[in-house]
$ cat entry-v5.cif   # mmCIF, C-alpha atoms
data_target
loop_
_atom_site.label_atom_id
_atom_site.label_comp_id
_atom_site.auth_asym_id
_atom_site.auth_seq_id
_atom_site.Cartn_x
_atom_site.Cartn_y
_atom_site.Cartn_z
CA MET A 50 -3.36 -15.31 -26.47
CA MET A 51 -3.90 -13.92 -22.95
CA MET A 52 -1.78 -16.69 -21.39
CA GLN A 53 0.99 -16.13 -23.96
CA ASN A 54 1.00 -12.44 -23.10
CA LEU A 55 1.12 -13.28 -19.41
CA LYS A 56 4.09 -15.59 -19.97
CA VAL A 57 5.98 -12.76 -21.73
CA LEU A 58 5.16 -10.33 -18.92
CA GLU A 59 6.24 -12.87 -16.29
CA GLU A 60 9.55 -13.62 -18.03
CA ARG A 61 10.29 -9.91 -18.46
CA SER A 62 9.56 -9.16 -14.80
CA ILE A 63 11.68 -12.05 -13.59
CA TYR A 64 14.51 -10.85 -15.83
CA VAL A 65 14.25 -7.32 -14.40
CA ILE A 66 14.20 -8.55 -10.79
CA ARG A 67 17.24 -10.82 -11.38
CA GLU A 68 19.02 -7.99 -13.21
CA ALA A 69 18.44 -5.70 -10.22
CA LYS A 70 19.72 -8.29 -7.75
CA THR A 71 22.82 -8.91 -9.89
CA ASN A 72 23.71 -5.32 -10.70
CA PHE A 73 23.17 -3.62 -7.38
CA LYS A 74 24.92 -4.24 -4.09
CA ASN A 75 22.05 -3.61 -1.74
CA VAL A 76 18.52 -4.12 -3.04
CA ALA A 77 15.23 -3.79 -1.17
CA ALA A 78 11.59 -3.99 -2.22
CA LEU A 79 8.60 -1.97 -1.10
CA TRP A 80 5.52 -3.94 -0.05
CA SER A 81 2.18 -2.29 0.62
CA MET A 82 0.33 -5.63 0.93
CA GLY A 83 -1.71 -4.67 -2.13
CA LYS A 84 -2.23 -6.91 -5.17
CA ASP A 85 0.64 -5.45 -7.21
CA SER A 86 3.44 -5.59 -4.65
CA THR A 87 2.27 -9.04 -3.51
CA THR A 88 2.41 -10.18 -7.16
CA MET A 89 5.93 -8.71 -7.36
CA LEU A 90 6.96 -10.81 -4.34
CA SER A 91 5.44 -13.90 -5.96
CA LEU A 92 7.48 -13.18 -9.12
CA THR A 93 10.59 -12.69 -6.97
CA ARG A 94 10.05 -16.08 -5.34
CA LYS A 95 9.82 -17.58 -8.81
CA ALA A 96 13.01 -15.81 -9.85
CA PHE A 97 14.95 -17.08 -6.83
CA HIS A 98 13.59 -20.60 -6.28
CA GLY A 99 11.04 -19.82 -3.60
CA LYS A 100 13.00 -17.16 -1.74
CA VAL A 101 12.86 -13.38 -1.58
CA PRO A 102 16.59 -12.61 -1.28
CA PHE A 103 16.33 -8.99 -0.14
CA PRO A 104 14.57 -7.02 2.60
CA VAL A 105 10.92 -6.18 2.07
CA ILE A 106 9.97 -2.72 3.38
CA HIS A 107 6.56 -1.63 4.59
CA ILE A 108 6.30 2.10 5.25
CA ASP A 109 3.64 2.09 7.91
CA ASN A 110 1.84 5.29 8.86
CA GLY A 111 -0.36 3.33 11.26
CA ILE A 112 -3.59 3.93 9.33
CA ASP A 113 -3.67 0.82 7.21
CA PHE A 114 -6.69 -1.47 7.35
CA PRO A 115 -6.61 -4.00 10.21
CA GLU A 116 -7.07 -6.75 7.59
CA THR A 117 -3.94 -5.44 5.83
CA TYR A 118 -1.86 -5.77 9.01
CA GLU A 119 -3.15 -9.32 9.49
CA PHE A 120 -2.32 -10.18 5.88
CA ARG A 121 1.19 -8.71 6.34
CA GLU A 122 1.92 -10.92 9.33
CA LYS A 123 0.46 -14.06 7.79
CA LEU A 124 2.30 -13.79 4.48
CA ALA A 125 5.61 -12.61 5.97
CA LYS A 126 5.60 -15.79 8.05
CA LYS A 127 4.45 -18.08 5.24
CA TRP A 128 6.99 -16.75 2.72
CA ASN A 129 9.73 -16.23 5.29
CA LEU A 130 10.17 -12.58 4.32
CA ASN A 131 12.86 -10.34 5.75
CA LEU A 132 10.24 -7.73 6.61
CA MET A 133 11.30 -4.24 7.70
CA VAL A 134 8.45 -2.15 9.06
CA ILE A 135 9.29 1.55 8.96
CA GLU A 136 7.01 3.69 11.04
CA SER A 137 6.30 7.04 9.40
CA GLU A 138 5.09 9.92 11.51
CA ILE A 139 2.15 12.15 10.80
CA LYS A 140 3.34 15.71 10.98
CA PRO A 141 1.03 18.62 10.34
CA GLU A 142 0.86 20.59 7.13
CA MET A 143 3.46 18.81 5.06
CA SER A 144 2.90 18.70 1.34
CA GLY A 145 0.37 16.22 0.03
CA TYR A 146 -1.58 14.33 2.63
CA ALA A 147 -1.17 14.12 6.38
CA CYS A 148 -0.87 10.33 6.20
CA CYS A 149 1.38 9.78 3.19
CA GLY A 150 3.04 11.95 0.55
CA GLU A 151 6.04 13.72 1.99
CA ASN A 152 5.76 11.94 5.35
CA LYS A 153 6.26 8.53 3.74
CA SER A 154 9.09 9.88 1.58
CA VAL A 155 10.86 11.22 4.69
CA ALA A 156 10.62 7.80 6.38
CA LEU A 157 11.88 6.09 3.23
CA LYS A 158 14.83 8.49 2.93
CA LYS A 159 15.88 7.70 6.49
CA ILE A 160 15.83 3.95 5.96
CA MET A 161 17.60 4.14 2.58
CA LYS A 162 20.37 6.17 4.18
CA LYS A 163 20.62 3.96 7.26
CA TYR A 164 20.94 0.70 5.31
CA GLY A 165 22.60 2.11 2.17
CA PHE A 166 20.15 0.59 -0.30
CA ASP A 167 21.20 1.42 -3.86
CA ALA A 168 18.15 -0.05 -5.60
CA LEU A 169 14.52 -0.14 -4.60
CA ILE A 170 11.97 -2.40 -6.27
CA VAL A 171 8.60 -0.66 -6.55
CA SER A 172 5.46 -2.28 -7.99
CA ILE A 173 3.95 0.55 -9.98
CA ARG A 174 2.22 0.01 -13.33
CA ARG A 175 2.02 2.36 -16.31
CA ASP A 176 -1.76 2.02 -16.61
CA GLU A 177 -2.42 3.19 -13.04
CA HIS A 178 -1.84 6.90 -13.45
CA GLY A 179 -0.69 9.30 -16.16
CA ILE A 180 2.44 10.29 -14.29
CA ARG A 181 3.42 6.65 -13.68
CA ALA A 182 3.14 6.06 -17.45
CA LYS A 183 6.22 8.26 -17.86
CA GLU A 184 8.36 5.91 -15.74
CA ARG A 185 11.22 3.72 -16.89
CA VAL A 186 11.90 0.16 -15.72
CA PHE A 187 15.22 1.33 -14.23
CA SER A 188 14.64 4.88 -13.04
CA PRO A 189 17.35 6.94 -11.28
CA ARG A 190 16.71 9.16 -8.27
CA ASN A 191 19.23 11.73 -7.03
CA LYS A 192 20.48 12.17 -3.47
CA GLU A 193 17.35 14.13 -2.55
CA PHE A 194 15.21 11.34 -4.09
CA ARG A 195 14.19 13.64 -6.90
CA TRP A 196 13.03 12.15 -10.17
CA ASP A 197 14.04 14.11 -13.25
CA TYR A 198 11.24 12.82 -15.46
CA LYS A 199 11.96 15.37 -18.19
CA ASN A 200 15.44 13.95 -18.70
CA GLN A 201 15.26 10.15 -18.81
CA VAL A 202 17.14 7.54 -20.81
CA ALA A 203 14.94 5.85 -23.43
CA GLU A 204 14.39 2.09 -22.95
CA VAL A 205 14.04 1.22 -26.62
CA TRP A 206 13.33 -2.44 -27.54
CA ASP A 207 13.48 -3.40 -23.85
CA ASN A 208 17.12 -2.39 -23.54
CA TYR A 209 17.37 -1.34 -19.94
CA SER A 210 20.08 0.75 -18.43
CA SER A 211 20.61 -0.84 -15.03
CA ARG A 212 23.90 0.99 -14.50
CA ASP A 213 23.71 3.55 -11.74
CA ASP A 214 25.38 6.82 -12.69
CA SER A 215 23.33 8.81 -10.22
CA ASP A 216 24.48 9.86 -6.78
CA GLY A 217 21.25 8.54 -5.30
CA HIS A 218 19.57 5.23 -6.00
CA ILE A 219 17.70 3.39 -8.74
CA ARG A 220 14.00 2.61 -8.65
CA VAL A 221 13.29 -0.73 -10.31
CA HIS A 222 9.80 -1.23 -11.75
CA PRO A 223 9.33 -4.88 -12.82
CA LEU A 224 5.54 -4.58 -13.21
CA LEU A 225 5.51 -1.47 -15.38
CA ASP A 226 4.05 -3.29 -18.42
CA PHE A 227 1.35 -5.20 -16.53
CA ASN A 228 -2.17 -3.81 -16.54
CA GLU A 229 -4.84 -4.40 -13.91
CA ILE A 230 -6.35 -7.45 -15.64
CA ASP A 231 -2.87 -8.94 -16.20
CA ILE A 232 -2.29 -8.72 -12.45
CA TRP A 233 -5.54 -10.54 -11.67
CA ASN A 234 -4.78 -13.11 -14.36
CA TYR A 235 -1.41 -13.74 -12.78
CA ILE A 236 -2.94 -13.97 -9.30
CA LYS A 237 -5.40 -16.55 -10.63
CA LYS A 238 -2.76 -18.55 -12.52
CA GLU A 239 -0.23 -18.62 -9.68
CA LYS A 240 -2.75 -18.69 -6.82
CA VAL A 241 -1.08 -15.65 -5.26
CA PRO A 242 -2.46 -14.96 -1.74
CA ILE A 243 -4.41 -11.71 -1.71
CA ASN A 244 -5.67 -9.24 0.88
CA PRO A 245 -9.34 -10.16 1.58
CA LEU A 246 -10.44 -6.53 1.21
CA TYR A 247 -10.32 -6.96 -2.58
CA PHE A 248 -13.30 -9.30 -2.41
CA SER A 249 -16.89 -8.16 -1.98
CA ARG A 250 -18.62 -8.15 1.39
CA ASN A 251 -22.11 -6.66 1.73
CA GLY A 252 -21.99 -5.38 -1.86
CA TYR A 253 -18.70 -3.47 -1.59
CA ARG A 254 -15.04 -4.19 -2.19
CA TYR A 255 -11.75 -2.31 -2.52
CA ARG A 256 -10.31 -2.11 -6.00
CA SER A 257 -7.16 -0.22 -5.00
CA LEU A 258 -5.90 -0.30 -1.43
CA GLY A 259 -4.40 2.58 0.51
CA CYS A 260 -5.00 3.75 4.07
CA THR A 261 -8.36 3.42 5.83
CA HIS A 262 -9.14 7.09 5.52
CA CYS A 263 -8.04 7.92 1.99
CA THR A 264 -9.43 4.87 0.21
CA THR A 265 -13.07 4.18 -0.44
CA ALA A 266 -14.77 0.93 -1.40
CA ILE A 267 -16.59 0.51 -4.71
CA LYS A 268 -19.98 -1.11 -5.20
CA SER A 269 -19.29 -4.65 -6.32
CA ASN A 270 -20.53 -8.21 -5.92
CA ALA A 271 -17.23 -9.78 -7.05
CA LYS A 272 -16.39 -12.37 -4.41
CA ASN A 273 -13.55 -14.15 -6.17
CA VAL A 274 -10.82 -13.53 -8.75
CA GLU A 275 -12.93 -14.76 -11.70
CA GLN A 276 -15.77 -12.40 -10.78
CA ILE A 277 -13.32 -9.48 -10.38
CA MET A 278 -11.94 -10.15 -13.88
CA LYS A 279 -15.45 -10.23 -15.35
CA GLU A 280 -16.22 -6.96 -13.59
CA LEU A 281 -13.06 -5.33 -14.97
CA GLU A 282 -13.90 -6.32 -18.54
CA VAL A 283 -16.95 -4.05 -18.54
CA THR A 284 -16.13 -1.32 -16.02
CA LYS A 285 -15.67 2.26 -17.18
CA VAL A 286 -14.45 3.47 -13.80
CA GLU A 287 -10.74 4.13 -13.25
CA GLU A 288 -8.88 1.72 -10.95
CA ARG A 289 -7.70 4.38 -8.50
CA SER A 290 -10.98 6.33 -8.43
CA GLY A 291 -11.32 5.36 -4.77
CA ARG A 292 -7.93 6.82 -3.89
CA ASP A 293 -8.41 10.30 -2.55
CA GLN A 294 -5.00 11.69 -3.47
CA ASP A 295 -5.52 10.77 -7.13
CA LYS A 296 -8.65 12.87 -7.27
CA GLU A 297 -6.39 15.89 -7.05
CA LYS A 298 -5.03 17.40 -10.24
CA ALA A 299 -2.36 15.36 -12.02
CA TYR A 300 0.36 17.81 -11.04
CA VAL A 301 -0.06 16.89 -7.35
CA MET A 302 0.83 13.28 -8.17
CA ALA A 303 3.65 14.51 -10.43
CA LYS A 304 4.93 16.67 -7.58
CA LEU A 305 4.73 13.80 -5.07
CA ARG A 306 6.56 11.43 -7.38
CA ALA A 307 9.22 14.00 -8.22
CA LEU A 308 9.80 14.34 -4.47
CA GLY A 309 10.32 10.61 -4.08
CA TYR A 310 6.80 9.27 -3.45
CA MET A 311 5.99 5.81 -4.77
CA MET B 21 -24.44 2.95 31.95
CA LYS B 22 -21.43 2.95 29.63
CA SER B 23 -19.97 -0.39 28.51
CA ASN B 24 -16.29 -1.19 28.96
CA ILE B 25 -15.57 -0.43 25.28
CA GLU B 26 -17.44 2.87 25.47
CA GLU B 27 -15.38 3.82 28.55
CA LEU B 28 -12.11 2.87 26.83
CA GLY B 29 -13.21 4.71 23.67
CA SER B 30 -13.94 7.95 25.49
CA GLY B 31 -10.62 7.54 27.33
CA LEU B 32 -8.88 7.49 23.94
CA TRP B 33 -10.48 10.77 22.87
CA LYS B 34 -9.06 12.38 26.02
CA ASP B 35 -5.70 10.66 25.97
CA PRO B 36 -4.75 8.67 22.82
CA SER B 37 -1.66 7.19 24.46
CA GLU B 38 -0.14 3.84 23.55
CA LYS B 39 -1.17 2.49 26.94
CA ASN B 40 -4.84 3.35 26.35
CA TRP B 41 -4.74 1.90 22.84
CA GLU B 42 -3.33 -1.36 24.14
CA LYS B 43 -6.13 -1.57 26.67
CA LEU B 44 -8.72 -1.08 23.96
CA GLY B 45 -7.03 -3.57 21.62
CA LYS B 46 -7.14 -6.27 24.29
CA ALA B 47 -10.78 -5.57 25.18
CA LEU B 48 -12.19 -5.67 21.64
CA LYS B 49 -12.71 -9.41 21.23
CA LYS B 50 -13.57 -9.97 24.86
CA ASP B 51 -16.35 -7.40 24.61
CA GLY B 52 -17.78 -8.82 21.38
CA ILE B 53 -16.64 -6.16 18.91
CA SER B 54 -16.53 -7.70 15.43
CA TYR B 55 -16.70 -4.89 12.88
CA TYR B 56 -15.25 -1.44 12.26
CA LYS B 57 -16.15 1.34 9.86
CA PRO B 58 -13.73 4.17 8.92
CA VAL B 59 -15.51 7.53 8.85
CA PHE B 60 -14.07 10.67 7.30
CA GLY B 61 -14.18 13.85 9.31
CA LYS B 62 -14.94 17.16 7.67
CA GLY B 63 -11.76 17.09 5.61
CA LYS B 64 -9.87 14.31 3.87
CA LEU B 65 -6.66 13.95 5.86
CA LYS B 66 -4.98 16.94 4.26
CA ASN B 67 -3.80 18.15 7.62
CA THR B 68 -3.59 17.02 11.20
CA GLN B 69 -6.94 18.55 12.11
CA ASP B 70 -8.63 16.39 9.45
CA LEU B 71 -6.96 13.39 11.04
CA LYS B 72 -8.32 14.37 14.42
CA ASN B 73 -11.81 14.83 12.97
CA SER B 74 -11.81 11.37 11.40
CA TYR B 75 -12.77 8.32 13.42
CA VAL B 76 -13.65 4.64 13.40
CA GLU B 77 -17.05 3.28 14.42
CA LEU B 78 -17.07 -0.02 16.29
CA TYR B 79 -19.88 -2.55 15.91
CA GLY B 80 -20.86 -5.72 17.78
CA LYS B 81 -21.33 -9.24 16.39
CA ASP B 82 -24.92 -8.49 15.38
CA GLY B 83 -23.85 -5.29 13.61
CA THR B 84 -25.14 -2.88 16.26
CA PHE B 85 -23.22 0.35 16.75
CA VAL B 86 -21.22 0.45 20.00
CA THR B 87 -19.00 3.54 19.98
CA LYS B 88 -16.63 5.67 17.93
CA ILE B 89 -12.90 6.00 18.53
CA PRO B 90 -10.07 8.15 17.11
CA ILE B 91 -7.57 6.78 14.57
CA PHE B 92 -4.33 8.19 15.92
CA LYS B 93 -2.10 7.94 18.95
CA ASN B 94 0.34 10.37 20.50
CA ASN B 95 3.90 9.61 19.51
CA GLY B 96 6.00 12.14 21.37
CA LYS B 97 5.74 15.43 19.49
CA SER B 98 4.08 13.83 16.46
CA LEU B 99 1.11 11.60 15.74
CA ARG B 100 0.92 8.01 14.53
CA GLY B 101 -2.00 6.10 13.11
CA ALA B 102 -3.38 3.43 15.43
CA THR B 103 -5.57 1.13 13.33
CA ILE B 104 -3.17 -1.76 13.98
CA TYR B 105 -4.86 -2.11 17.38
CA LEU B 106 -8.06 -3.10 15.57
CA LYS B 107 -6.50 -6.28 14.15
CA GLY B 108 -9.01 -9.12 14.15
CA LEU B 109 -11.98 -6.92 13.27
CA ARG B 110 -13.63 -6.95 9.85
CA ILE B 111 -14.69 -3.92 7.86
CA LYS B 112 -18.39 -3.06 7.88
CA ASN B 113 -19.14 -2.12 4.31
CA GLY B 114 -22.28 -0.34 3.15
#
$ encode --input "entry-v5.cif" --output "structure tokens"
Amino acid sequence: MMMQNLKVLEERSIYVIREAKTNFKNVAALWSMGKDSTTMLSLTRKAFHGKVPFPVIHIDNGIDFPETYEFREKLAKKWNLNLMVIESEIKPEMSGYACCGENKSVALKKIMKKYGFDALIVSIRRDEHGIRAKERVFSPRNKEFRWDYKNQVAEVWDNYSSRDDSDGHIRVHPLLDFNEIDIWNYIKKEKVPINPLYFSRNGYRYRSLGCTHCTTAIKSNAKNVEQIMKELEVTKVEERSGRDQDKEKAYVMAKLRALGYM
Amino acid sequence: MKSNIEELGSGLWKDPSEKNWEKLGKALKKDGISYYKPVFGKGKLKNTQDLKNSYVELYGKDGTFVTKIPIFKNNGKSLRGATIYLKGLRIKNG
């Protein structure tokens, strides 16, 4: 049953990624080197016979884990990715957090404008956060990157509207229907390479990866994918409980996303 | 007497320039640094001061504490994170 479900999710994601590549002139994907965006790249390789046919963007504020930088370099080489590293600055007192939030959105806006990307593949999932649950698979953003989440087209019976009537760009979310266990199942099935920080060392591991100073490790002895999946079956702790920005009230996340944050 | 890494670390607190970060990055392995531990300052990176209060602790192969260093570098008028210079180290959990 689980494998059947995974097959459906995989086929749907591949369809969405191919649809994006076909319908838009200039597509790019965001890669944070976390489990979700790495799974998205693996699905993309499956969709395009082992290639990722668009640029892969990492918005780098310089405070990622050293292991994450190593993983980036290793996988970019192995999968022959067209990697674009965009350095975001840390400016004081912008909205959200000093390391991400508006600062990352500003860097993304610059790169979108410079290269004229009209579609951006982002690996968010509905089960991650209440505000992400409101997303659509094809989600328009206006020129200022704003997301009008109160006025979205319904995607009934998986009928997606991949036409871009906006004056901005479209966010494409091929993993929206996956949940955390689906992602780990897929990683196990496809042997997707994963950032080593997800696995336990000295009784701790990272369940959701962000920057070094806004992500905290959880107590865990899960040293491989099977053990992580067993752990997830019984846990009552939210996936992003270690992410500092999510500890804020939901409207902060809503505000960040409305402003163009991932 | 201060070790080379301690000297370079205190140099970074005074002047977190790219040049000083590169020096530290090159010296890490040579001087037997194997682990790092991110430590929050008083705040949680909600503003630049929080960023300046946060730091990374460096540890040797046997897990002994060596020194603490900042996590940012000067980038003209703004700041940039600098943890990329710690590539090759492993996180010290717990």
$ closest_residue --input "entry-v5.cif" --among "A:Asn75, A:Asn251, A:Asn270, A:Gln201" --to "Phe166 (chain A)" --atoms "only C-alpha atoms"
A:Asn75
$ interface_residues --input "entry-v5.cif" --of "chain B" --to "chain A" --cutoff "10 Å" --atoms "only C-alpha atoms" --output "PyMOL selection string"
chain B and resi 56-61+64-71+74-76+91-93+95+97-114
$ closest_residue --input "entry-v5.cif" --among "B:Pro36, B:Gly52, B:Leu44, B:Met21" --to "Thr84 (chain B)" --atoms "only C-alpha atoms"
B:Gly52
$ residues_near_point --input "entry-v5.cif" --point "(0.6, -16.0, -3.5)" --cutoff "9 Å" --atoms "all atoms listed in the file" --output "PDB file with C-alpha atoms, in the coordinates of the input"
ATOM      1  CA  THR A  87       2.270  -9.040  -3.510  1.00  0.00           C
ATOM      2  CA  THR A  88       2.410 -10.180  -7.160  1.00  0.00           C
ATOM      3  CA  LEU A  90       6.960 -10.810  -4.340  1.00  0.00           C
ATOM      4  CA  SER A  91       5.440 -13.900  -5.960  1.00  0.00           C
ATOM      5  CA  LEU A 124       2.300 -13.790   4.480  1.00  0.00           C
ATOM      6  CA  TRP A 128       6.990 -16.750   2.720  1.00  0.00           C
ATOM      7  CA  ILE A 236      -2.940 -13.970  -9.300  1.00  0.00           C
ATOM      8  CA  GLU A 239      -0.230 -18.620  -9.680  1.00  0.00           C
ATOM      9  CA  LYS A 240      -2.750 -18.690  -6.820  1.00  0.00           C
ATOM     10  CA  VAL A 241      -1.080 -15.650  -5.260  1.00  0.00           C
ATOM     11  CA  PRO A 242      -2.460 -14.960  -1.740  1.00  0.00           C
ATOM     12  CA  ILE A 243      -4.410 -11.710  -1.710  1.00  0.00           C
TER      13      ILE A 243
END
$ axis_aligned_box --input "entry-v5.cif" --around "region 65-76 of chain A" --padding-each-side "6 Å" --output "lines of an AutoDock Vina configuration file"
center_x = 19.6
center_y = -7.2
center_z = -8.1
size_x = 22.7
size_y = 19.2
size_z = 24.7
$ resolve_selection --input "entry-v5.cif" --expression "the PyMOL selection byres ((chain B and resi 31) around 12)" --output "ChimeraX atom specification"
/B:22,24-30,32-44,87-90,93
$ atom_distance --input "entry-v5.cif" --atom1 "CA of Pro102 (chain A)" --atom2 "CA of Ala203 (chain A)"
28.9 Å
$ atom_distance --input "entry-v5.cif" --atom1 "CA of Arg67 (chain A)" --atom2 "CA of Thr93 (chain A)"
8.2 Å
$ closest_residue --input "entry-v5.cif" --among "A:Asn234, A:Ser269, A:Asn244, A:Asn228" --to "His178 (chain A)" --atoms "all atoms listed in the file"
A:Asn228
$ residues_around --input "entry-v5.cif" --residues "Ser81 (chain A)" --least-positions-apart "3" --cutoff "8 Å" --atoms "all atoms listed in the file" --output "number ranges by chain"
A: 86-87, 107-108
$ atom_distance --input "entry-v5.cif" --atom1 "CA of Ile232 (chain A)" --atom2 "CA of Arg185 (chain A)"
18.9 Å
$ closest_residue --input "entry-v5.cif" --among "B:Lys50, B:Gly45, B:Tyr55, B:Ser23" --to "Phe85 (chain B)" --atoms "all atoms listed in the file"
B:Tyr55
$ resolve_selection --input "entry-v5.cif" --expression "the PyMOL selection byres ((chain A and resi 156-161) around 10)" --output "ChimeraX atom specification"
/A:75,77,79,106-110,133,135-138,149,151-155,162-169,192-194,217-218,309-311
$ resolve_selection --input "entry-v5.cif" --expression "the PyMOL selection byres ((chain A and resi 200) around 12)" --output "list in words"
Lys183, Glu184, Arg185, Ser188, Pro189, Arg190, Arg195, Trp196, Asp197, Tyr198, Lys199, Gln201, Val202 and Ala203 of chain A
